[in-house]
>>> print(open('upload-v4.txt').read())   # compact mmCIF, C-alpha atoms and all ligand atoms
# COMPACT_ATOMS: atom_id res chain seq x y z
CA MET G 25 -6.62 17.36 3.25
CA ILE G 26 -8.66 14.90 5.31
CA VAL G 27 -9.97 11.78 3.58
CA ASP G 28 -13.10 10.14 5.00
CA CYS G 29 -12.60 6.36 5.29
CA ALA G 30 -16.10 5.06 6.07
CA GLY G 31 -16.45 7.46 8.97
CA LYS G 32 -12.86 7.41 10.18
CA PRO G 33 -10.77 10.42 9.15
CA LEU G 34 -7.37 10.00 7.49
CA ASP G 35 -5.27 13.16 7.82
CA LEU G 36 -3.12 13.60 4.72
CA THR G 37 -1.94 17.11 5.59
CA ARG G 38 1.21 15.35 6.83
CA PRO G 39 2.91 12.06 5.83
CA GLN G 40 1.44 8.97 7.47
CA VAL G 41 2.31 5.32 7.99
CA MET G 42 0.13 2.42 6.84
CA GLY G 43 0.93 -0.60 9.02
CA ILE G 44 0.94 -4.01 7.31
CA LEU G 45 -1.21 -6.70 8.93
CA ASN G 46 -0.79 -9.90 6.95
CA VAL G 47 -3.33 -12.62 7.55
CA THR G 48 -1.84 -15.08 5.09
CA PRO G 49 -0.74 -18.41 6.60
CA ASP G 50 2.66 -18.20 4.85
CA SER G 51 3.53 -15.02 6.71
CA PHE G 52 3.06 -16.66 10.09
CA SER G 53 4.98 -19.52 11.60
CA ASP G 54 1.96 -21.37 12.97
CA GLY G 55 1.89 -23.93 10.19
CA GLY G 56 -0.99 -23.05 7.90
CA GLN G 57 -3.35 -21.61 10.51
CA PHE G 58 -4.86 -18.20 9.93
CA ILE G 59 -3.99 -15.49 12.37
CA ALA G 60 -6.43 -15.54 15.29
CA PRO G 61 -8.57 -12.38 15.50
CA ASP G 62 -7.41 -11.56 19.04
CA ALA G 63 -3.76 -11.84 17.97
CA ALA G 64 -4.50 -9.57 15.02
CA LEU G 65 -6.16 -7.05 17.34
CA LYS G 66 -3.06 -7.02 19.58
CA GLN G 67 -0.85 -6.37 16.56
CA ALA G 68 -3.15 -3.62 15.32
CA GLN G 69 -3.21 -1.97 18.74
CA LYS G 70 0.58 -2.01 18.84
CA MET G 71 0.71 -0.40 15.40
CA VAL G 72 -1.71 2.31 16.57
CA ALA G 73 0.43 2.94 19.66
CA ASP G 74 3.48 3.14 17.38
CA GLY G 75 1.82 5.87 15.34
CA ALA G 76 0.16 4.15 12.38
CA ALA G 77 -2.61 6.11 10.65
CA ILE G 78 -4.07 3.11 8.76
CA ILE G 79 -3.95 -0.68 9.20
CA ASP G 80 -3.68 -2.59 5.91
CA VAL G 81 -5.24 -6.05 6.19
CA GLY G 82 -4.24 -8.51 3.48
CA GLY G 83 -5.22 -12.13 3.03
CA GLU G 84 -3.94 -12.78 -0.47
CA SER G 85 -0.23 -13.39 -0.96
CA THR G 86 1.03 -11.36 -3.92
CA ARG G 87 4.47 -12.94 -3.82
CA PRO G 88 5.63 -14.58 -7.05
CA GLY G 89 4.76 -18.28 -6.98
CA ALA G 90 2.41 -17.98 -4.00
CA ALA G 91 -0.62 -20.24 -4.02
CA ILE G 92 -3.74 -18.71 -5.50
CA VAL G 93 -6.29 -18.04 -2.80
CA SER G 94 -10.00 -18.60 -3.43
CA VAL G 95 -12.48 -15.81 -2.75
CA GLU G 96 -14.09 -17.80 0.07
CA GLU G 97 -10.76 -18.47 1.73
CA GLU G 98 -9.64 -14.86 1.46
CA ILE G 99 -12.93 -13.66 3.01
CA ALA G 100 -12.63 -16.26 5.78
CA ARG G 101 -9.17 -14.89 6.57
CA VAL G 102 -9.81 -11.16 6.53
CA VAL G 103 -13.40 -10.64 7.75
CA PRO G 104 -12.94 -11.97 11.33
CA VAL G 105 -9.80 -9.88 11.66
CA ILE G 106 -11.47 -6.70 10.38
CA GLU G 107 -14.47 -7.29 12.66
CA ALA G 108 -12.19 -7.82 15.65
CA ILE G 109 -10.19 -4.65 15.13
CA GLN G 110 -12.63 -2.17 13.59
CA SER G 111 -14.66 -1.50 16.75
CA GLU G 112 -11.61 -1.45 19.02
CA ILE G 113 -9.35 0.92 17.09
CA ASP G 114 -10.10 4.45 15.91
CA ILE G 115 -7.98 4.55 12.74
CA PRO G 116 -9.11 3.41 9.27
CA ILE G 117 -8.60 -0.17 8.12
CA SER G 118 -7.68 -0.81 4.50
CA ILE G 119 -8.28 -4.05 2.66
CA ASP G 120 -5.42 -5.23 0.41
CA THR G 121 -7.29 -7.16 -2.27
CA SER G 122 -8.08 -7.21 -5.98
CA LYS G 123 -11.25 -9.31 -5.69
CA PRO G 124 -14.63 -7.52 -5.78
CA ASP G 125 -16.34 -9.98 -3.41
CA VAL G 126 -13.55 -9.55 -0.86
CA MET G 127 -13.86 -5.76 -1.20
CA ARG G 128 -17.59 -6.00 -0.41
CA ALA G 129 -17.16 -8.38 2.54
CA ALA G 130 -14.29 -6.34 3.98
CA VAL G 131 -16.05 -2.97 3.72
CA ASN G 132 -19.23 -4.50 5.20
CA ALA G 133 -17.07 -5.75 8.10
CA GLY G 134 -15.68 -2.25 8.68
CA ALA G 135 -12.83 -1.58 6.25
CA GLY G 136 -12.72 2.04 5.11
CA LEU G 137 -10.27 1.98 2.21
CA ILE G 138 -9.60 -0.39 -0.70
CA ASN G 139 -5.93 -1.02 -1.50
CA ASP G 140 -5.77 -2.76 -4.87
CA VAL G 141 -2.45 -3.80 -6.44
CA GLN G 142 -4.38 -4.38 -9.70
CA ALA G 143 -5.86 -0.85 -9.71
CA LEU G 144 -9.46 -2.16 -10.05
CA ARG G 145 -8.67 -4.05 -13.29
CA VAL G 146 -10.21 -7.34 -12.14
CA GLU G 147 -13.68 -7.90 -13.60
CA GLY G 148 -16.30 -6.32 -11.32
CA ALA G 149 -13.81 -4.51 -9.08
CA LEU G 150 -14.46 -1.06 -10.51
CA GLN G 151 -18.21 -1.35 -9.93
CA ALA G 152 -17.73 -2.82 -6.45
CA ALA G 153 -15.45 0.05 -5.42
CA ALA G 154 -17.86 2.63 -6.86
CA GLU G 155 -20.79 1.09 -4.94
CA LEU G 156 -18.85 0.77 -1.70
CA ASP G 157 -17.99 4.48 -1.89
CA VAL G 158 -14.75 4.29 0.12
CA PRO G 159 -11.36 5.73 -0.89
CA VAL G 160 -9.21 3.56 -3.18
CA CYS G 161 -5.47 3.20 -3.61
CA LEU G 162 -4.69 2.42 -7.26
CA MET G 163 -1.33 0.64 -7.66
CA HIS G 164 0.67 0.07 -10.83
CA ALA G 165 1.76 -3.50 -11.62
CA GLN G 166 3.14 -4.89 -14.86
CA GLY G 167 1.88 -8.46 -15.25
CA THR G 168 0.39 -10.65 -12.54
CA PRO G 169 2.11 -11.87 -9.34
CA ASP G 170 2.84 -15.14 -11.11
CA ASN G 171 4.70 -13.71 -14.11
CA MET G 172 5.52 -10.12 -13.22
CA GLN G 173 9.23 -10.64 -12.52
CA ASP G 174 9.84 -12.81 -15.62
CA ASN G 175 10.98 -10.01 -17.92
CA PRO G 176 9.95 -6.56 -16.72
CA ASN G 177 10.25 -4.12 -19.62
CA TYR G 178 9.71 -0.38 -20.03
CA ASP G 179 10.77 2.32 -22.50
CA ALA G 180 10.45 5.03 -19.85
CA VAL G 181 9.36 3.57 -16.54
CA VAL G 182 8.47 6.80 -14.71
CA ALA G 183 6.32 8.19 -17.54
CA GLU G 184 4.65 4.82 -18.21
CA VAL G 185 3.74 4.20 -14.57
CA SER G 186 2.38 7.74 -14.21
CA GLN G 187 0.39 7.44 -17.44
CA PHE G 188 -1.07 4.09 -16.39
CA LEU G 189 -2.12 5.41 -12.98
CA TYR G 190 -3.83 8.50 -14.38
CA GLU G 191 -5.60 6.42 -17.03
CA ARG G 192 -6.99 4.36 -14.16
CA VAL G 193 -7.94 7.58 -12.33
CA SER G 194 -9.90 8.60 -15.42
CA VAL G 195 -11.61 5.19 -15.63
CA CYS G 196 -12.53 5.47 -11.94
CA GLU G 197 -14.03 8.92 -12.44
CA GLN G 198 -16.10 7.62 -15.36
CA ALA G 199 -17.35 4.82 -13.09
CA GLY G 200 -18.48 7.37 -10.50
CA ILE G 201 -15.55 7.30 -8.09
CA SER G 202 -14.68 10.91 -7.41
CA ARG G 203 -11.09 12.05 -7.69
CA ASP G 204 -10.92 13.13 -4.05
CA LYS G 205 -11.30 9.45 -3.05
CA LEU G 206 -8.24 8.30 -5.02
CA ILE G 207 -4.65 7.61 -3.98
CA VAL G 208 -1.95 6.44 -6.42
CA ASP G 209 1.02 4.11 -5.91
CA PRO G 210 3.86 3.29 -8.38
CA GLY G 211 3.98 -0.30 -7.10
CA PHE G 212 7.60 -0.88 -6.13
CA GLY G 213 8.62 -4.44 -7.00
CA PHE G 214 5.53 -5.27 -9.03
CA GLY G 215 6.92 -6.13 -12.47
CA LYS G 216 10.04 -3.99 -12.02
CA ARG G 217 13.78 -4.60 -12.03
CA ALA G 218 15.90 -2.98 -9.33
CA SER G 219 16.90 -0.28 -11.84
CA HIS G 220 13.22 0.48 -12.55
CA ASN G 221 12.49 0.76 -8.82
CA LEU G 222 15.47 3.08 -8.35
CA ARG G 223 14.37 5.36 -11.20
CA LEU G 224 10.82 5.47 -9.83
CA MET G 225 12.19 6.49 -6.43
CA LYS G 226 14.62 9.06 -7.83
CA HIS G 227 11.83 10.76 -9.79
CA LEU G 228 8.88 10.17 -7.44
CA ASP G 229 8.36 13.96 -7.38
CA LEU G 230 7.07 13.74 -10.97
CA LEU G 231 4.23 11.45 -9.82
CA VAL G 232 3.56 13.63 -6.76
CA LYS G 233 3.26 16.67 -9.06
CA GLN G 234 0.32 15.05 -10.87
CA GLY G 235 -1.78 15.99 -7.86
CA LEU G 236 -3.26 12.95 -6.12
CA PRO G 237 -1.81 11.68 -2.82
CA VAL G 238 0.99 9.15 -3.39
CA LEU G 239 1.38 5.96 -1.33
CA ILE G 240 4.52 3.84 -1.53
CA GLY G 241 5.40 0.35 -0.35
CA VAL G 242 9.10 -0.48 -0.12
CA SER G 243 9.22 -2.17 3.29
CA ARG G 244 11.62 -5.17 3.27
CA LYS G 245 11.19 -5.61 -0.49
CA SER G 246 13.54 -7.70 -2.61
CA MET G 247 15.03 -4.70 -4.44
CA ILE G 248 16.82 -4.03 -1.13
CA GLY G 249 17.92 -7.66 -0.91
CA LYS G 250 19.25 -7.56 -4.47
CA LEU G 251 21.13 -4.27 -4.18
CA LEU G 252 22.53 -4.72 -0.66
CA ASN G 253 22.65 -8.49 -0.35
CA VAL G 254 20.71 -8.60 2.90
CA SER G 255 18.09 -11.08 4.07
CA VAL G 256 14.48 -10.04 4.63
CA ASP G 257 14.96 -9.43 8.36
CA GLU G 258 17.96 -7.15 7.71
CA ARG G 259 16.19 -4.63 5.48
CA LEU G 260 14.89 -2.08 7.99
CA ALA G 261 17.58 0.60 7.58
CA ALA G 262 17.32 0.57 3.79
CA SER G 263 13.52 0.61 4.00
CA LEU G 264 13.72 3.71 6.21
CA ALA G 265 16.15 5.42 3.81
CA LEU G 266 13.73 4.85 0.93
CA SER G 267 10.79 6.02 3.06
CA ALA G 268 12.60 9.27 3.85
CA LEU G 269 13.44 9.84 0.18
CA ALA G 270 9.80 9.27 -0.76
CA VAL G 271 8.47 11.68 1.89
CA TRP G 272 11.11 14.26 0.91
CA GLN G 273 9.60 14.18 -2.58
CA GLY G 274 6.04 14.51 -1.28
CA ALA G 275 4.74 10.96 -0.74
CA LYS G 276 1.89 11.02 1.79
CA ILE G 277 1.50 7.39 2.92
CA ILE G 278 4.29 4.89 3.61
CA ARG G 279 3.21 1.24 3.85
CA SER G 280 5.44 -0.54 6.35
CA HIS G 281 5.95 -3.63 8.51
CA ASP G 282 7.94 -1.52 11.00
CA VAL G 283 5.57 1.22 12.10
CA ARG G 284 7.48 2.75 15.01
CA GLU G 285 10.74 3.19 13.10
CA THR G 286 9.00 4.39 9.95
CA VAL G 287 7.01 7.02 11.88
CA GLN G 288 10.29 8.35 13.31
CA ALA G 289 11.97 8.44 9.90
CA ILE G 290 9.14 10.28 8.20
CA MET G 291 8.54 12.68 11.09
CA MET G 292 12.22 13.63 10.96
CA THR G 293 11.99 14.12 7.21
CA GLN G 294 8.88 16.24 7.69
CA HIS G 295 10.73 18.44 10.22
CA VAL G 296 13.38 19.15 7.58
CA ILE G 297 10.72 19.89 4.96
CA GLN G 298 8.90 22.27 7.28
CA VAL G 299 11.78 24.21 8.85
CA THR G 300 11.76 27.88 8.01
CA ASP G 301 14.83 29.40 6.37
CA ILE G 302 14.27 32.73 8.13
CA ASP G 303 15.75 33.36 11.64
C1 LIG G 401 2.64 -1.84 -2.32
O1 LIG G 401 3.78 -1.59 -2.65
N1 LIG G 401 2.88 -4.31 -1.68
S1 LIG G 401 2.23 -6.83 -0.89
C2 LIG G 401 7.77 -8.89 -1.07
C3 LIG G 401 8.64 -8.67 -0.01
C4 LIG G 401 8.30 -7.81 1.01
C5 LIG G 401 7.08 -7.18 0.99
C6 LIG G 401 10.30 -9.85 1.16
N2 LIG G 401 0.74 -4.62 -1.19
C7 LIG G 401 2.22 -3.13 -1.87
O2 LIG G 401 4.57 -5.96 0.79
N3 LIG G 401 -0.05 -2.35 -1.63
C8 LIG G 401 1.95 -5.18 -1.27
O3 LIG G 401 9.84 -9.32 -0.04
C9 LIG G 401 0.89 -3.33 -1.55
N4 LIG G 401 1.66 -0.89 -2.40
C10 LIG G 401 0.36 -1.14 -2.06
N5 LIG G 401 -0.52 -0.14 -2.16
C11 LIG G 401 3.97 -7.08 -1.21
C12 LIG G 401 4.87 -6.74 -0.08
C13 LIG G 401 6.20 -7.41 -0.06
C14 LIG G 401 6.56 -8.27 -1.07
>>> encode(input="upload-v4.txt", output="structure tokens", more="lines below")
Ligand code: YH5
Amino acid sequence: MIVDCAGKPLDLTRPQVMGILNVTPDSFSDGGQFIAPDAALKQAQKMVADGAAIIDVGGESTRPGAAIVSVEEEIARVVPVIEAIQSEIDIPISIDTSKPDVMRAAVNAGAGLINDVQALRVEGALQAAAELDVPVCLMHAQGTPDNMQDNPNYDAVVAEVSQFLYERVSVCEQAGISRDKLIVDPGFGFGKRASHNLRLMKHLDLLVKQGLPVLIGVSRKSMIGKLLNVSVDERLAASLALSALAVWQGAKIIRSHDVRETVQAIMMTQHVIQVTDID
């Protein structure tokens, strides 16, 4: 299955890596400055060389307690970066945003996929995505970044996340976004306790079975920190283990900070999946 991302093909016949390109000031150590477009291009080119199939550009911090970013500021962060990289690299660019105006500006600048952690629930986002006519990743989140970790609560986390996502799929279809443009994501860490994240990973095959391509983001996330007591820069091995488990169960896109290592982990997993049992 090949997905068209505003003219750039995304091959989902095999698992792929989405490289994370943060353009938030708090993810860079240059004291409040946005990432310069030429520095962003260098990073994107390295991710392509390392085997990324998509570059995910994000200008809105979704971390709990992070400052709320205005639409204008978010556009000012992401558009120059998308413009700088879109003509120079062949692979699709996704825009990690929940704001309809940012979606429009980003797609006009060359982004070919919308990655929305609010699954198009923000007012106007559904219509914007339908008009822009690019593929969309719908992610599950319980609550908002500000309150989501306060008291995450589920009766049956796997069933509830799956039900939520497919309700959003149905809403998208009613708004004119065809099913073959949709990707779903259980949203690891977004309003979930470590035990919820573990159950979602253990039973990811149930979400995969629902039919649409599954994307997962576990890279360096705090569930790893909580369970293993490791700091954010010591979470690569655990991130790779989770990535392999997800691909083993049929996940098609792994969102990662560490493209080279993640490509190796998922390619190795794919070799095991594909080996024939006949000599
Ligand atoms: C995701 O899962 N996540 S932004 C806290 C961390 C590390 C990483 C150190 N956007 C996802 O990456 N989009 C984000 O602790 C996403 N799926 C999709 N589709 C959060 C993030 C992170 C947060």
>>> closest_residue(input="upload-v4.txt", among="G:Glu191, G:Asp28, G:Glu112, G:Asp120", to="ligand LIG 401 (chain G)", atoms="all atoms listed in the file")
G:Asp120
>>> closest_residue(input="upload-v4.txt", among="G:Ile302, G:Leu36, G:Val185, G:Ala60", to="G:Arg223", atoms="only C-alpha atoms")
G:Val185
>>> residues_around(input="upload-v4.txt", residues="stretch 165-178 of chain G", least_positions_apart="2", cutoff="12 Å", atoms="only C-alpha atoms", output="ChimeraX atom specification")
/G:84-92,122,140-146,162-163,180-186,188-189,208-221,223-224,246-247
>>> atom_distance(input="upload-v4.txt", atom1="atom CA of G:Leu137", atom2="atom CA of G:Pro116")
7.3 Å
>>> closest_residue(input="upload-v4.txt", among="G:Gln151, G:Val160, G:Pro49, G:Val242", to="G:Gln198", atoms="all atoms listed in the file")
G:Gln151
>>> residues_around(input="upload-v4.txt", residues="stretch 278-289 of chain G", least_positions_apart="4", cutoff="6 Å", atoms="all atoms listed in the file", output="list in words")
Val41, Met42, Gly43, Ile44, Asp74, Leu239, Ile240, Gly241 and Ser243 of chain G
>>> residues_near_point(input="upload-v4.txt", point="(0.1, 10.1, 6.3)", cutoff="7 Å", atoms="only C-alpha atoms", output="list in words")
Asp35, Leu36, Arg38, Pro39, Gln40, Val41, Ala77, Lys276 and Ile277 of chain G
>>> write_last_selection(input="upload-v4.txt", atoms="C-alpha atoms", output="short mmCIF file (atom, residue, chain, number, x, y, z; two decimals), keeping the file's coordinate frame")
data_model
loop_
_atom_site.label_atom_id
_atom_site.label_comp_id
_atom_site.auth_asym_id
_atom_site.auth_seq_id
_atom_site.Cartn_x
_atom_site.Cartn_y
_atom_site.Cartn_z
CA ASP G 35 -5.27 13.16 7.82
CA LEU G 36 -3.12 13.60 4.72
CA ARG G 38 1.21 15.35 6.83
CA PRO G 39 2.91 12.06 5.83
CA GLN G 40 1.44 8.97 7.47
CA VAL G 41 2.31 5.32 7.99
CA ALA G 77 -2.61 6.11 10.65
CA LYS G 276 1.89 11.02 1.79
CA ILE G 277 1.50 7.39 2.92
#
>>> residues_around(input="upload-v4.txt", residues="G:Asp204", least_positions_apart="5", cutoff="10 Å", atoms="only C-alpha atoms", output="list in words")
Met25, Ile26, Val27, Asp28, Pro159, Val160, Glu197, Leu236 and Pro237 of chain G
>>> residues_around(input="upload-v4.txt", residues="G:Lys123", least_positions_apart="4", cutoff="12 Å", atoms="all atoms listed in the file", output="VMD selection string")
chain G and resid 82 to 84 93 to 99 119 127 to 130 138 to 153
>>> atom_distance(input="upload-v4.txt", atom1="atom CA of G:Ile297", atom2="atom CA of G:Ser267")
14.0 Å
>>> residues_around(input="upload-v4.txt", residues="stretch 258-261 of chain G", least_positions_apart="4", cutoff="7 Å", atoms="all atoms listed in the file", output="ChimeraX atom specification")
/G:244,248,254,265
>>> atom_distance(input="upload-v4.txt", atom1="atom N3 of ligand LIG 401 (chain G)", atom2="atom CA of G:Val131")
16.9 Å
>>> residues_near_point(input="upload-v4.txt", point="(-7.7, -9.5, 12.0)", cutoff="8 Å", atoms="all atoms listed in the file", output="compact mmCIF listing (two decimals) with C-alpha atoms, in the coordinates of the input")
# COMPACT_ATOMS: atom_id res chain seq x y z
CA LEU G 45 -1.21 -6.70 8.93
CA VAL G 47 -3.33 -12.62 7.55
CA ILE G 59 -3.99 -15.49 12.37
CA ALA G 60 -6.43 -15.54 15.29
CA PRO G 61 -8.57 -12.38 15.50
CA ASP G 62 -7.41 -11.56 19.04
CA ALA G 63 -3.76 -11.84 17.97
CA ALA G 64 -4.50 -9.57 15.02
CA LEU G 65 -6.16 -7.05 17.34
CA VAL G 81 -5.24 -6.05 6.19
CA ARG G 101 -9.17 -14.89 6.57
CA VAL G 102 -9.81 -11.16 6.53
CA VAL G 103 -13.40 -10.64 7.75
CA PRO G 104 -12.94 -11.97 11.33
CA VAL G 105 -9.80 -9.88 11.66
CA ILE G 106 -11.47 -6.70 10.38
CA GLU G 107 -14.47 -7.29 12.66
CA ALA G 108 -12.19 -7.82 15.65
CA ILE G 109 -10.19 -4.65 15.13
>>> closest_residue(input="upload-v4.txt", among="G:Ala268, G:Cys196, G:Asp301, G:Ala275", to="G:Val238", atoms="only C-alpha atoms")
G:Ala275
>>> axis_aligned_box(input="upload-v4.txt", around="stretch 291-298 of chain G", padding_each_side="3 Å", output="lines of an AutoDock Vina configuration file")
center_x = 11.0
center_y = 17.5
center_z = 8.0
size_x = 10.8
size_y = 15.6
size_z = 12.1
>>> decode(input="upload-v4.txt", residues="stretch 61-88 of chain G", atoms="N, CA and C atoms", output="mmCIF file, in the first residue's frame")
data_model
loop_
_atom_site.group_PDB
_atom_site.id
_atom_site.type_symbol
_atom_site.label_atom_id
_atom_site.label_comp_id
_atom_site.auth_asym_id
_atom_site.auth_seq_id
_atom_site.Cartn_x
_atom_site.Cartn_y
_atom_site.Cartn_z
ATOM 1 N N PRO G 61 16.410 27.485 9.750
ATOM 2 C CA PRO G 61 16.020 26.580 8.657
ATOM 3 C C PRO G 61 17.173 25.755 8.086
ATOM 4 N N ASP G 62 18.361 26.329 7.983
ATOM 5 C CA ASP G 62 19.467 25.540 7.409
ATOM 6 C C ASP G 62 19.928 24.440 8.361
ATOM 7 N N ALA G 63 19.823 24.686 9.666
ATOM 8 C CA ALA G 63 20.141 23.637 10.642
ATOM 9 C C ALA G 63 19.089 22.526 10.589
ATOM 10 N N ALA G 64 17.840 22.929 10.394
ATOM 11 C CA ALA G 64 16.757 21.947 10.281
ATOM 12 C C ALA G 64 16.935 21.091 9.033
ATOM 13 N N LEU G 65 17.348 21.736 7.932
ATOM 14 C CA LEU G 65 17.583 20.986 6.691
ATOM 15 C C LEU G 65 18.689 19.955 6.893
ATOM 16 N N LYS G 66 19.770 20.353 7.564
ATOM 17 C CA LYS G 66 20.867 19.401 7.835
ATOM 18 C C LYS G 66 20.371 18.200 8.635
ATOM 19 N N GLN G 67 19.571 18.482 9.658
ATOM 20 C CA GLN G 67 19.014 17.384 10.464
ATOM 21 C C GLN G 67 18.121 16.484 9.641
ATOM 22 N N ALA G 68 17.296 17.103 8.791
ATOM 23 C CA ALA G 68 16.385 16.313 7.954
ATOM 24 C C ALA G 68 17.175 15.451 6.980
ATOM 25 N N GLN G 69 18.227 16.023 6.398
ATOM 26 C CA GLN G 69 19.044 15.260 5.448
ATOM 27 C C GLN G 69 19.735 14.085 6.126
ATOM 28 N N LYS G 70 20.152 14.289 7.370
ATOM 29 C CA LYS G 70 20.747 13.168 8.115
ATOM 30 C C LYS G 70 19.707 12.076 8.369
ATOM 31 N N MET G 71 18.489 12.484 8.704
ATOM 32 C CA MET G 71 17.440 11.492 8.953
ATOM 33 C C MET G 71 17.115 10.708 7.679
ATOM 34 N N VAL G 72 17.126 11.399 6.533
ATOM 35 C CA VAL G 72 16.893 10.711 5.259
ATOM 36 C C VAL G 72 18.019 9.702 5.008
ATOM 37 N N ALA G 73 19.256 10.144 5.205
ATOM 38 C CA ALA G 73 20.402 9.246 5.013
ATOM 39 C C ALA G 73 20.332 8.052 5.959
ATOM 40 N N ASP G 74 19.775 8.261 7.130
ATOM 41 C CA ASP G 74 19.649 7.183 8.123
ATOM 42 C C ASP G 74 18.457 6.271 7.850
ATOM 43 N N GLY G 75 17.662 6.611 6.844
ATOM 44 C CA GLY G 75 16.593 5.703 6.447
ATOM 45 C C GLY G 75 15.179 6.119 6.806
ATOM 46 N N ALA G 76 14.982 7.356 7.237
ATOM 47 C CA ALA G 76 13.621 7.813 7.554
ATOM 48 C C ALA G 76 12.757 7.822 6.294
ATOM 49 N N ALA G 77 11.475 7.562 6.478
ATOM 50 C CA ALA G 77 10.520 7.612 5.358
ATOM 51 C C ALA G 77 9.646 8.857 5.418
ATOM 52 N N ILE G 78 9.631 9.517 6.577
ATOM 53 C CA ILE G 78 8.839 10.745 6.791
ATOM 54 C C ILE G 78 9.612 11.603 7.797
ATOM 55 N N ILE G 79 9.506 12.925 7.666
ATOM 56 C CA ILE G 79 10.053 13.846 8.674
ATOM 57 C C ILE G 79 8.866 14.545 9.335
ATOM 58 N N ASP G 80 8.771 14.410 10.660
ATOM 59 C CA ASP G 80 7.655 14.997 11.412
ATOM 60 C C ASP G 80 8.104 16.312 12.039
ATOM 61 N N VAL G 81 7.571 17.418 11.509
ATOM 62 C CA VAL G 81 7.946 18.740 11.999
ATOM 63 C C VAL G 81 6.913 19.207 13.027
ATOM 64 N N GLY G 82 7.389 19.550 14.219
ATOM 65 C CA GLY G 82 6.478 19.987 15.277
ATOM 66 C C GLY G 82 6.950 21.258 15.947
ATOM 67 N N GLY G 83 6.045 22.214 16.082
ATOM 68 C CA GLY G 83 6.403 23.492 16.699
ATOM 69 C C GLY G 83 5.612 23.797 17.947
ATOM 70 N N GLU G 84 4.828 22.809 18.403
ATOM 71 C CA GLU G 84 3.992 23.018 19.585
ATOM 72 C C GLU G 84 4.390 21.969 20.607
ATOM 73 N N SER G 85 4.888 22.390 21.754
ATOM 74 C CA SER G 85 5.265 21.403 22.764
ATOM 75 C C SER G 85 4.011 20.804 23.377
ATOM 76 N N THR G 86 3.942 19.458 23.369
ATOM 77 C CA THR G 86 2.780 18.782 23.960
ATOM 78 C C THR G 86 3.131 18.232 25.338
ATOM 79 N N ARG G 87 4.282 18.640 25.864
ATOM 80 C CA ARG G 87 4.645 18.161 27.191
ATOM 81 C C ARG G 87 3.764 18.804 28.258
ATOM 82 N N PRO G 88 3.423 18.028 29.297
ATOM 83 C CA PRO G 88 2.635 18.603 30.386
ATOM 84 C C PRO G 88 3.315 19.850 30.944
#
